[in-house]
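What follows is one structure encoded as structure tokens, with my remarks underneath.
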Amino acid sequence: MRDPAVFHLVLIKPTHYDDDGYPIRWVKAAIPSNTLACLNGLAEDASRRRVLGPGVTIRVHTYDETNRRVRPPQIVRMIRRAGGRAIVGLVGVQSNQFPRAIDLARPFLHAGLPVCIGGFHVSGCVAMLPQMPEEMREAAALGISFFAGEAEHGRLDQVIRDAWDGSLQPLYNYMNDLPTLEGEPPPILPRKHVRRVSGQLSSLDLGRGCPYQCSFCTIINVQGRKSRFRSADDLERAIRENYRQGNRRFFVTDDNFARNRHWEPLLDRMIQLRVRDGLKIGFTIQVDTLCHRIPNFIEKAAQAGVRRVFIGLENINPDNLLAAKKRQNKITEYRAMLQKWHEHGAITCAGYIIGFPGDTKESILRDIEIIKRELPLDVLELFMLTPLPGSEDHKVMWQQGTWMDSDLNKYDLNNRVTHHQVMSDEDWDAAYSEAWQSFYGPGHLRTILRRTAAHPRGRPQTTLTTLLWFKLMTMFEGVHPLEGGAFRRKSRRDRRYGMPLESPFVFYPRFAGEIAGKASGYWSVYRRARAILKEVLAAPDRWNYRDLATSPPEDDEFDRLDLYHATAGGEAALARKRREDALRTASIAAAD
């Protein structure tokens with residue numbers, strides 16, 4: 001029955017296309033969308049508050065295209081059958097997802113439904129460029145509206161009211177008025193979404209913004225350099241609401257949780273929920289390379305249920321870090337920091353960028369070998385240095401007229417989209433590919449497993465599962481592991497706009513062949529990896545295993561590590577460390 005007093009808020013998180021023009025979609029995706037969780041929480045709150053008046057019902061429809069096929073004609077028919085008005089929001093749209101977002105918008109616009117796009121691409125371009133880039137101008141010409149900034153503090157309410165009244169604005173620009181987060185509705189994903197994420201992982205954010213100035217980063221320009229936080233009460237409310245619907249594992253998406261000035265009361269509340277109330281919850285957090293210097297931070301994080309940490313290592317050459325304005329990273333702290341996380345049973349994952357100005361193919365592969373040998377790191381997440389729209393790097397290259405690939409679909413940190421100052425395109429691509437192969441080779445897999453199996457708190461099986469995820473995605477799926485998933489799904493009719501629809505007699509046999517080939521490859525890798533794990537667990541010296549990366553500090557540590565002697569920047573960092581240690585020792589002696 002059609003009801004004119006209904007408003008449909010359709011929220012879609014788009015994916016992006018593979019090289020053949022098919023949306024990258026899985027039965028289960030790797031990570032949840034926190035933007036979708038935030039907007040779903042805000043939308044449900046707006047519905048409860050009846051922001052369109054007591055006589056209008058707001059129905060919220062959420063879709064994550066990374067793990068669910070989005071069919072615009074079906075959504076249009078659903079809205080038509082139910083009656084009322086609607087708006088389609090394409091949310092959390094990153095630069096590489098912008099082309100797909102436009103393609104999803106076309107059938108909705110053709111059906112006369114208003115469409116609004118928000119996310120990092122729109123917000124970053126509005127924040128950093130003096131005018132809309134061409135792709136946004138073309139989208140605006142189609143009739144698409146844009147939302148720049150964050151939707152708390154009633155901003156989503158305003159968009160809903162305008163869509164209901166038929167007065168949607170071309171641009172909602174809140175980049176100069178980023179909201180506080182305390183007391184705002186908590187992020188929450190419906191259970192149907194969490195079930196479609198590997199490990200049934202949900203998400204929440206406890207803070208936004210970053211005070212640092214990394215030139216490759218978009219967060220500082222989209223979320224601002226002034227940090228904003230949720231309270232411990234907000235955290236508890238978010239966890240309890242999620243827990244009630246079965247969500248028990250959380251990815252805390254804060255860019256750097258260690259710099260959240262409320263980290264201690266937040267961790268204390270997590271500990272209370274686990275210990276006092278018996279909630280079986282676990283967390284993945286993102287931190288910086290100096291987090292171990294904060295008294296009790298790692299200890300409390302472990303008690304709070306943090307079992308996996310992502311660290312923005314970025315590079316081990318201080319000259320590269322300085323060129324990217326990543327001054328806060330100190331390579332002389334890397335080893336101690338990683339060892340401390342291992343002592344507390346956490347799996348460590350580090351982001352590492354390839355393609356800084358000082359890089360060559362030879363230096364990249366040399367540095368990967370140093371990491372393998374000298375740093376007790378479980379997972380290395382490699383990224384191409386990419387001038388993402390919204391970053392300082394992109395703005396400078398745009399102003400200078402430097403070539404950047406015009407296809408935004410490639411801006412996924414897994415494809416080269418510009419030229420390097422020193423390396424040829426072929427060398428840069430080869431270095432990136434060979435770095436993945438080197439770190440995830442059978443020999444180093446055995447080393448990582450030996451390290452974790454030697455520790456009483458180590459989790460060899462979980463570590464192997466994580467390592468295999470990264471290895472299999474890069475070997476067989478051709479996507480970055482963070483965009484990977486379990487069992488690839490393809491739909492013949494969802495091909496990128498402008499590319500020809502393939503014959504079913506071509507598409508389906510090829511897809512079936514891909515499935516069979518990948519299954520065979522998966523099984524072969526898995527079988528060898530299980531044999532390695534079995535060997536590691538049965539090793540007579542399992543509990544006594546030590547190598548250079550896991551050995552405790554010794555007096556000659558700084559002299560024997562290539563980390564400090566392979567580059568001039570490393571030598572300078574070591575000299576600076578020694579001066580600081582000498583001053584500290586002298587200060588302590590003077591105090592005594």
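By order in the structure tokens, chains are A, B, ...; within a chain, residues start at 1; ligands start at 1, following the order shown.
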Problem - A:Trp164 surroundings by only C-alpha atoms, 9 Å radius, close-in-sequence under 2 positions cut, as JSON, numbers by chain - result: {"A": [7, 52, 85, 86, 87, 159, 160, 161, 162, 166, 167, 168]}
Selected residues written out, N, CA, C and O atoms, as a PDB file, in the first residue's frame:
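Wrote out_38.pdb, looks like this:
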ATOM      1  N   PHE A   7       9.165   8.845   4.061  1.00  0.00           N
ATOM      2  CA  PHE A   7      10.383   9.352   3.430  1.00  0.00           C
ATOM      3  C   PHE A   7      11.441   8.256   3.488  1.00  0.00           C
ATOM      4  O   PHE A   7      11.737   7.712   4.557  1.00  0.00           O
ATOM      5  N   LEU A  52      10.816  15.159  10.340  1.00  0.00           N
ATOM      6  CA  LEU A  52       9.914  15.661   9.305  1.00  0.00           C
ATOM      7  C   LEU A  52       8.497  15.878   9.840  1.00  0.00           C
ATOM      8  O   LEU A  52       7.566  16.108   9.066  1.00  0.00           O
ATOM      9  N   ARG A  85       8.400  10.040  -0.551  1.00  0.00           N
ATOM     10  CA  ARG A  85       9.532  10.694  -1.203  1.00  0.00           C
ATOM     11  C   ARG A  85      10.826  10.037  -0.748  1.00  0.00           C
ATOM     12  O   ARG A  85      10.833   9.240   0.184  1.00  0.00           O
ATOM     13  N   ALA A  86      11.949  10.443  -1.385  1.00  0.00           N
ATOM     14  CA  ALA A  86      13.203   9.748  -1.082  1.00  0.00           C
ATOM     15  C   ALA A  86      14.399  10.614  -1.435  1.00  0.00           C
ATOM     16  O   ALA A  86      14.298  11.583  -2.205  1.00  0.00           O
ATOM     17  N   ILE A  87      15.510  10.232  -0.879  1.00  0.00           N
ATOM     18  CA  ILE A  87      16.811  10.730  -1.329  1.00  0.00           C
ATOM     19  C   ILE A  87      17.787   9.561  -1.281  1.00  0.00           C
ATOM     20  O   ILE A  87      17.708   8.703  -0.398  1.00  0.00           O
ATOM     21  N   VAL A 159      19.556  18.049   5.457  1.00  0.00           N
ATOM     22  CA  VAL A 159      19.498  17.429   4.131  1.00  0.00           C
ATOM     23  C   VAL A 159      18.184  16.676   3.963  1.00  0.00           C
ATOM     24  O   VAL A 159      17.535  16.741   2.901  1.00  0.00           O
ATOM     25  N   ILE A 160      17.769  15.962   5.011  1.00  0.00           N
ATOM     26  CA  ILE A 160      16.499  15.226   4.949  1.00  0.00           C
ATOM     27  C   ILE A 160      15.338  16.195   4.725  1.00  0.00           C
ATOM     28  O   ILE A 160      14.453  15.941   3.885  1.00  0.00           O
ATOM     29  N   ARG A 161      15.307  17.284   5.457  1.00  0.00           N
ATOM     30  CA  ARG A 161      14.207  18.259   5.309  1.00  0.00           C
ATOM     31  C   ARG A 161      14.190  18.860   3.908  1.00  0.00           C
ATOM     32  O   ARG A 161      13.129  19.023   3.289  1.00  0.00           O
ATOM     33  N   ASP A 162      15.385  19.210   3.410  1.00  0.00           N
ATOM     34  CA  ASP A 162      15.439  19.807   2.071  1.00  0.00           C
ATOM     35  C   ASP A 162      14.985  18.819   1.006  1.00  0.00           C
ATOM     36  O   ASP A 162      14.282  19.198   0.053  1.00  0.00           O
ATOM     37  N   GLY A 166      11.802  19.157  -1.490  1.00  0.00           N
ATOM     38  CA  GLY A 166      12.181  19.339  -2.894  1.00  0.00           C
ATOM     39  C   GLY A 166      13.121  20.499  -3.112  1.00  0.00           C
ATOM     40  O   GLY A 166      13.162  21.071  -4.201  1.00  0.00           O
ATOM     41  N   SER A 167      13.892  20.863  -2.091  1.00  0.00           N
ATOM     42  CA  SER A 167      14.779  22.021  -2.197  1.00  0.00           C
ATOM     43  C   SER A 167      16.223  21.651  -1.857  1.00  0.00           C
ATOM     44  O   SER A 167      16.936  22.399  -1.192  1.00  0.00           O
ATOM     45  N   LEU A 168      16.661  20.479  -2.312  1.00  0.00           N
ATOM     46  CA  LEU A 168      18.014  20.026  -2.049  1.00  0.00           C
ATOM     47  C   LEU A 168      19.025  21.013  -2.640  1.00  0.00           C
ATOM     48  O   LEU A 168      18.896  21.441  -3.787  1.00  0.00           O
TER      49      LEU A 168
END
Exercise for the section: Give me every alpha helix (DSSP H) residue in stretch 354-570 of chain A, going by DSSP on the backbone, as a PyMOL selection string. Expected result: chain A and resi 361-374+392-400+425-439+442-453+460-472+504-538+557-560+568-570
Exercise for the section: Counting only C-alpha atoms, figure out which residue out of A:Tyr411, A:Phe250, A:Trp469, A:Phe146 gets nearest to A:Leu206. Expected result: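 Nearest to A:Leu206: A:Phe250.
Look at stretch 535-546 of chain A: the protein and nucleic acid residues within 8 Å of it, using only C-alpha atoms and passing over chain neighbours fewer than 5 places away, are Arg446, Leu449, Arg450, Arg451, Ala453, Ala454, His455 and Ser551 of chain A.
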File of the preceding selection, C-alpha atoms, as a compact mmCIF listing (two decimals), in the first residue's frame:
# COMPACT_ATOMS: atom_id res chain seq x y z
CA ARG A 446 57.98 -19.34 8.78
CA LEU A 449 55.19 -17.86 12.87
CA ARG A 450 58.27 -18.90 14.83
CA ARG A 451 58.33 -15.51 16.53
CA ALA A 453 54.74 -19.31 18.51
CA ALA A 454 57.64 -18.70 20.90
CA HIS A 455 55.62 -16.29 23.02
CA SER A 551 66.13 -10.39 20.95
Practice task
Write out as a list in words the residues lying within 10 Å of A:His193, counting only C-alpha atoms and excluding same-chain residues fewer than 3 positions away.
Solution key: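 In the requested form, the answer reads Lys28, Ala29, Pro32, Ser33, Leu36, Ala37, Thr62, Tyr63, Asp64, Asn67, Arg68, Leu189, Pro190, Arg196, Val197, Gln200, Leu201 and Ser202 of chain A.
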For the selection you just gave me, I'd like the residues written to a file as a PDB file, in the first residue's frame, keeping N, CA, C and O atoms.
ATOM      1  N   LYS A  28      32.022 -11.973   1.689  1.00  0.00           N
ATOM      2  CA  LYS A  28      32.370 -11.289   2.928  1.00  0.00           C
ATOM      3  C   LYS A  28      33.533 -10.341   2.648  1.00  0.00           C
ATOM      4  O   LYS A  28      34.553 -10.755   2.081  1.00  0.00           O
ATOM      5  N   ALA A  29      33.371  -9.083   3.039  1.00  0.00           N
ATOM      6  CA  ALA A  29      34.404  -8.088   2.800  1.00  0.00           C
ATOM      7  C   ALA A  29      35.399  -8.069   3.952  1.00  0.00           C
ATOM      8  O   ALA A  29      35.183  -8.670   5.011  1.00  0.00           O
ATOM      9  N   PRO A  32      34.565  -3.196   7.698  1.00  0.00           N
ATOM     10  CA  PRO A  32      33.257  -2.526   7.627  1.00  0.00           C
ATOM     11  C   PRO A  32      33.424  -1.056   7.264  1.00  0.00           C
ATOM     12  O   PRO A  32      34.514  -0.490   7.340  1.00  0.00           O
ATOM     13  N   SER A  33      32.334  -0.440   6.881  1.00  0.00           N
ATOM     14  CA  SER A  33      32.330   0.997   6.568  1.00  0.00           C
ATOM     15  C   SER A  33      31.893   1.780   7.795  1.00  0.00           C
ATOM     16  O   SER A  33      30.728   1.711   8.199  1.00  0.00           O
ATOM     17  N   LEU A  36      29.226   4.457   6.937  1.00  0.00           N
ATOM     18  CA  LEU A  36      27.874   3.911   6.883  1.00  0.00           C
ATOM     19  C   LEU A  36      27.338   3.705   8.296  1.00  0.00           C
ATOM     20  O   LEU A  36      26.156   3.968   8.565  1.00  0.00           O
ATOM     21  N   ALA A  37      28.201   3.251   9.208  1.00  0.00           N
ATOM     22  CA  ALA A  37      27.775   3.056  10.598  1.00  0.00           C
ATOM     23  C   ALA A  37      27.380   4.383  11.236  1.00  0.00           C
ATOM     24  O   ALA A  37      26.366   4.478  11.934  1.00  0.00           O
ATOM     25  N   THR A  62      20.050   0.745   4.133  1.00  0.00           N
ATOM     26  CA  THR A  62      21.512   0.811   4.050  1.00  0.00           C
ATOM     27  C   THR A  62      22.055  -0.313   3.181  1.00  0.00           C
ATOM     28  O   THR A  62      21.595  -1.451   3.238  1.00  0.00           O
ATOM     29  N   TYR A  63      23.088   0.026   2.392  1.00  0.00           N
ATOM     30  CA  TYR A  63      23.727  -0.938   1.496  1.00  0.00           C
ATOM     31  C   TYR A  63      25.236  -0.701   1.519  1.00  0.00           C
ATOM     32  O   TYR A  63      25.695   0.429   1.386  1.00  0.00           O
ATOM     33  N   ASP A  64      25.990  -1.779   1.687  1.00  0.00           N
ATOM     34  CA  ASP A  64      27.447  -1.730   1.539  1.00  0.00           C
ATOM     35  C   ASP A  64      27.793  -2.562   0.316  1.00  0.00           C
ATOM     36  O   ASP A  64      27.688  -3.794   0.326  1.00  0.00           O
ATOM     37  N   ASN A  67      30.032  -5.872  -0.112  1.00  0.00           N
ATOM     38  CA  ASN A  67      29.595  -7.237   0.206  1.00  0.00           C
ATOM     39  C   ASN A  67      28.127  -7.496  -0.159  1.00  0.00           C
ATOM     40  O   ASN A  67      27.556  -8.487   0.288  1.00  0.00           O
ATOM     41  N   ARG A  68      27.554  -6.624  -0.951  1.00  0.00           N
ATOM     42  CA  ARG A  68      26.162  -6.822  -1.356  1.00  0.00           C
ATOM     43  C   ARG A  68      25.925  -6.131  -2.692  1.00  0.00           C
ATOM     44  O   ARG A  68      26.325  -4.977  -2.881  1.00  0.00           O
ATOM     45  N   LEU A 189      26.190  -0.466  12.845  1.00  0.00           N
ATOM     46  CA  LEU A 189      25.833  -1.141  11.608  1.00  0.00           C
ATOM     47  C   LEU A 189      24.769  -2.199  11.897  1.00  0.00           C
ATOM     48  O   LEU A 189      24.904  -2.948  12.870  1.00  0.00           O
ATOM     49  N   PRO A 190      23.711  -2.259  11.098  1.00  0.00           N
ATOM     50  CA  PRO A 190      22.754  -3.354  11.259  1.00  0.00           C
ATOM     51  C   PRO A 190      23.456  -4.706  11.166  1.00  0.00           C
ATOM     52  O   PRO A 190      24.451  -4.867  10.455  1.00  0.00           O
ATOM     53  N   ARG A 196      28.280  -9.844   6.999  1.00  0.00           N
ATOM     54  CA  ARG A 196      28.922  -9.897   5.687  1.00  0.00           C
ATOM     55  C   ARG A 196      30.362  -9.378   5.719  1.00  0.00           C
ATOM     56  O   ARG A 196      30.957  -9.122   4.668  1.00  0.00           O
ATOM     57  N   VAL A 197      30.915  -9.183   6.932  1.00  0.00           N
ATOM     58  CA  VAL A 197      32.295  -8.741   7.091  1.00  0.00           C
ATOM     59  C   VAL A 197      33.101  -9.873   7.699  1.00  0.00           C
ATOM     60  O   VAL A 197      32.636 -10.561   8.619  1.00  0.00           O
ATOM     61  N   GLN A 200      33.095 -10.954  11.339  1.00  0.00           N
ATOM     62  CA  GLN A 200      31.941 -10.230  11.876  1.00  0.00           C
ATOM     63  C   GLN A 200      32.397  -9.000  12.665  1.00  0.00           C
ATOM     64  O   GLN A 200      32.021  -8.787  13.816  1.00  0.00           O
ATOM     65  N   LEU A 201      33.195  -8.206  11.996  1.00  0.00           N
ATOM     66  CA  LEU A 201      33.793  -7.007  12.585  1.00  0.00           C
ATOM     67  C   LEU A 201      32.892  -5.804  12.347  1.00  0.00           C
ATOM     68  O   LEU A 201      32.480  -5.541  11.222  1.00  0.00           O
ATOM     69  N   SER A 202      32.578  -5.080  13.421  1.00  0.00           N
ATOM     70  CA  SER A 202      31.845  -3.829  13.303  1.00  0.00           C
ATOM     71  C   SER A 202      32.835  -2.678  13.481  1.00  0.00           C
ATOM     72  O   SER A 202      34.048  -2.900  13.553  1.00  0.00           O
TER      73      SER A 202
END
Handout entry: Contact residues around stretch 103-119 of chain A with only C-alpha atoms at 8 Å, ignoring same-chain residues under 4 positions, as a count of residues only
Key = 26
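In this structure, atom CA of A:Arg25 sits 15.8 Å away from atom CA of A:Phe98.
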Problem - Close residues, stretch 338-340 of chain A itself excluded, 10 Å, only C-alpha atoms, min 3 positions apart in chain, as a list in words - result: Thr289, His292, Ile298, Glu299, Ile311, Glu333, Tyr334, Arg335, Glu343, His344, Gly345, Ala346, Ile347, Thr348, Cys349, Ala350, Leu375, Pro376, Leu377, Asp378, Ala549, Thr550, Ser551 and Pro552 of chain A
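If you measure from each of A:Phe257, A:Lys490, A:Asn173, A:Val287 to A:Phe511 using only C-alpha atoms, the closest one turns out to be A:Lys490.
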Exercise for the section: Find the residues around A:His153 up to 9 Å (only C-alpha atoms counted), leave out those fewer than 4 positions away in its own chain, and share them as a PyMOL selection string. Expected result: chain A and resi 157+179-181+184
Writer output for current selection, N, CA, C and O atoms, as a PDB file, in the first residue's frame:
ATOM      1  N   ASP A 157      19.889  16.129   9.382  1.00  0.00           N
ATOM      2  CA  ASP A 157      18.482  16.551   9.490  1.00  0.00           C
ATOM      3  C   ASP A 157      18.142  17.562   8.400  1.00  0.00           C
ATOM      4  O   ASP A 157      17.070  17.496   7.777  1.00  0.00           O
ATOM      5  N   PRO A 179      32.030  19.422  13.535  1.00  0.00           N
ATOM      6  CA  PRO A 179      31.295  19.354  14.804  1.00  0.00           C
ATOM      7  C   PRO A 179      32.061  18.614  15.903  1.00  0.00           C
ATOM      8  O   PRO A 179      32.957  17.809  15.637  1.00  0.00           O
ATOM      9  N   THR A 180      31.692  18.885  17.143  1.00  0.00           N
ATOM     10  CA  THR A 180      32.129  18.040  18.247  1.00  0.00           C
ATOM     11  C   THR A 180      31.347  16.732  18.169  1.00  0.00           C
ATOM     12  O   THR A 180      30.287  16.659  17.545  1.00  0.00           O
ATOM     13  N   LEU A 181      31.864  15.705  18.830  1.00  0.00           N
ATOM     14  CA  LEU A 181      31.261  14.376  18.731  1.00  0.00           C
ATOM     15  C   LEU A 181      30.578  13.932  20.012  1.00  0.00           C
ATOM     16  O   LEU A 181      29.750  13.013  19.981  1.00  0.00           O
ATOM     17  N   GLU A 184      26.757  12.686  20.544  1.00  0.00           N
ATOM     18  CA  GLU A 184      26.102  12.400  19.259  1.00  0.00           C
ATOM     19  C   GLU A 184      25.696  10.920  19.196  1.00  0.00           C
ATOM     20  O   GLU A 184      26.277  10.073  19.878  1.00  0.00           O
TER      21      GLU A 184
END
Considering only C-alpha atoms, give me a table of residues in stretch 341-397 of chain A that are at most 9 Å from stretch 422-436 of chain A, with the closest atom pair and distance in Å for each, as a Markdown table.
| residue | atom | partner | partner_atom | distance |
| --- | --- | --- | --- | --- |
| A:Ile354 | CA | A:Tyr432 | CA | 6.7 |
| A:Gly355 | CA | A:Trp428 | CA | 7.0 |
| A:Pro357 | CA | A:Val422 | CA | 7.3 |
| A:Gly358 | CA | A:Val422 | CA | 7.9 |
| A:Asp359 | CA | A:Val422 | CA | 7.6 |
| A:Thr360 | CA | A:Met423 | CA | 5.9 |
| A:Lys361 | CA | A:Ala431 | CA | 5.2 |
| A:Glu362 | CA | A:Ala431 | CA | 8.0 |
| A:Ile364 | CA | A:Ala431 | CA | 6.7 |
| A:Leu365 | CA | A:Ala435 | CA | 6.1 |
| A:Ile368 | CA | A:Ala435 | CA | 6.6 |
| A:Leu380 | CA | A:Trp436 | CA | 8.5 |
| A:Glu381 | CA | A:Trp436 | CA | 8.6 |
| A:Leu382 | CA | A:Trp436 | CA | 7.2 |
| A:Phe383 | CA | A:Tyr432 | CA | 8.1 |
| A:Met384 | CA | A:Tyr432 | CA | 7.3 |
Deliver the residues from the most recent selection as a file, using N, CA, C and O atoms, as a PDB file, in the first residue's frame.
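Output below, filename selection13.pdb:
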ATOM      1  N   ILE A 354      55.542   3.011  -0.592  1.00  0.00           N
ATOM      2  CA  ILE A 354      56.604   2.843  -1.583  1.00  0.00           C
ATOM      3  C   ILE A 354      56.463   3.915  -2.662  1.00  0.00           C
ATOM      4  O   ILE A 354      55.389   4.106  -3.219  1.00  0.00           O
ATOM      5  N   GLY A 355      57.578   4.616  -2.908  1.00  0.00           N
ATOM      6  CA  GLY A 355      57.570   5.635  -3.952  1.00  0.00           C
ATOM      7  C   GLY A 355      57.918   7.020  -3.466  1.00  0.00           C
ATOM      8  O   GLY A 355      57.675   8.008  -4.175  1.00  0.00           O
ATOM      9  N   PRO A 357      60.365  10.242  -2.702  1.00  0.00           N
ATOM     10  CA  PRO A 357      61.354  10.797  -3.637  1.00  0.00           C
ATOM     11  C   PRO A 357      62.724  10.124  -3.578  1.00  0.00           C
ATOM     12  O   PRO A 357      63.404   9.997  -4.598  1.00  0.00           O
ATOM     13  N   GLY A 358      63.152   9.700  -2.386  1.00  0.00           N
ATOM     14  CA  GLY A 358      64.474   9.094  -2.264  1.00  0.00           C
ATOM     15  C   GLY A 358      64.523   7.621  -2.586  1.00  0.00           C
ATOM     16  O   GLY A 358      65.593   7.008  -2.517  1.00  0.00           O
ATOM     17  N   ASP A 359      63.394   7.019  -2.948  1.00  0.00           N
ATOM     18  CA  ASP A 359      63.350   5.584  -3.214  1.00  0.00           C
ATOM     19  C   ASP A 359      63.930   5.230  -4.577  1.00  0.00           C
ATOM     20  O   ASP A 359      63.789   5.978  -5.555  1.00  0.00           O
ATOM     21  N   THR A 360      64.580   4.085  -4.635  1.00  0.00           N
ATOM     22  CA  THR A 360      64.902   3.410  -5.890  1.00  0.00           C
ATOM     23  C   THR A 360      64.410   1.974  -5.740  1.00  0.00           C
ATOM     24  O   THR A 360      64.102   1.525  -4.624  1.00  0.00           O
ATOM     25  N   LYS A 361      64.375   1.249  -6.835  1.00  0.00           N
ATOM     26  CA  LYS A 361      63.950  -0.145  -6.737  1.00  0.00           C
ATOM     27  C   LYS A 361      64.874  -0.903  -5.789  1.00  0.00           C
ATOM     28  O   LYS A 361      64.424  -1.681  -4.934  1.00  0.00           O
ATOM     29  N   GLU A 362      66.172  -0.648  -5.909  1.00  0.00           N
ATOM     30  CA  GLU A 362      67.145  -1.352  -5.077  1.00  0.00           C
ATOM     31  C   GLU A 362      66.985  -0.979  -3.607  1.00  0.00           C
ATOM     32  O   GLU A 362      67.029  -1.853  -2.719  1.00  0.00           O
ATOM     33  N   ILE A 364      64.301   0.117  -2.063  1.00  0.00           N
ATOM     34  CA  ILE A 364      63.027  -0.410  -1.546  1.00  0.00           C
ATOM     35  C   ILE A 364      63.191  -1.863  -1.134  1.00  0.00           C
ATOM     36  O   ILE A 364      62.820  -2.260  -0.023  1.00  0.00           O
ATOM     37  N   LEU A 365      63.769  -2.682  -2.015  1.00  0.00           N
ATOM     38  CA  LEU A 365      63.907  -4.103  -1.719  1.00  0.00           C
ATOM     39  C   LEU A 365      64.925  -4.334  -0.605  1.00  0.00           C
ATOM     40  O   LEU A 365      64.768  -5.255   0.209  1.00  0.00           O
ATOM     41  N   ILE A 368      63.015  -3.614   2.641  1.00  0.00           N
ATOM     42  CA  ILE A 368      62.107  -4.711   2.998  1.00  0.00           C
ATOM     43  C   ILE A 368      62.890  -5.825   3.692  1.00  0.00           C
ATOM     44  O   ILE A 368      62.419  -6.419   4.690  1.00  0.00           O
ATOM     45  N   LEU A 380      52.756  -6.585   7.022  1.00  0.00           N
ATOM     46  CA  LEU A 380      53.169  -5.352   6.354  1.00  0.00           C
ATOM     47  C   LEU A 380      52.150  -5.029   5.268  1.00  0.00           C
ATOM     48  O   LEU A 380      51.888  -5.854   4.384  1.00  0.00           O
ATOM     49  N   GLU A 381      51.554  -3.844   5.359  1.00  0.00           N
ATOM     50  CA  GLU A 381      50.558  -3.404   4.385  1.00  0.00           C
ATOM     51  C   GLU A 381      51.222  -2.369   3.478  1.00  0.00           C
ATOM     52  O   GLU A 381      51.480  -1.242   3.896  1.00  0.00           O
ATOM     53  N   LEU A 382      51.513  -2.771   2.261  1.00  0.00           N
ATOM     54  CA  LEU A 382      52.239  -1.923   1.324  1.00  0.00           C
ATOM     55  C   LEU A 382      51.275  -1.046   0.539  1.00  0.00           C
ATOM     56  O   LEU A 382      50.200  -1.488   0.136  1.00  0.00           O
ATOM     57  N   PHE A 383      51.692   0.198   0.315  1.00  0.00           N
ATOM     58  CA  PHE A 383      50.876   1.147  -0.435  1.00  0.00           C
ATOM     59  C   PHE A 383      51.758   1.901  -1.420  1.00  0.00           C
ATOM     60  O   PHE A 383      52.905   2.227  -1.118  1.00  0.00           O
ATOM     61  N   MET A 384      51.212   2.197  -2.581  1.00  0.00           N
ATOM     62  CA  MET A 384      51.854   3.112  -3.511  1.00  0.00           C
ATOM     63  C   MET A 384      51.676   4.546  -2.999  1.00  0.00           C
ATOM     64  O   MET A 384      50.574   4.919  -2.575  1.00  0.00           O
TER      65      MET A 384
END
Exercise for the section: Point out the residue among A:Gly517, A:Gly441, A:Gly224, A:Glu374 with the least atom-to-atom distance to A:Pro553, counting only C-alpha atoms. Expected result: A:Glu374
Practice task
Apply DSSP to the backbone of this structure and, from stretch 161-306 of chain A, keep only the residues in strand (DSSP E or B); write these as a count of residues only.
Solution key: 23
Practice task
Considering only C-alpha atoms, state which residue in the set A:Leu273, A:Leu501, A:Ile75, A:Leu178 is at the smallest distance from A:Tyr243.
Solution key: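 Selected residue with least distance to A:Tyr243: A:Leu273.
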Handout entry: From A:Leu42, A:Ile353, A:Ile58, A:Leu408, residue lying nearest A:Ala101 [only C-alpha atoms]
Key = A:Leu408
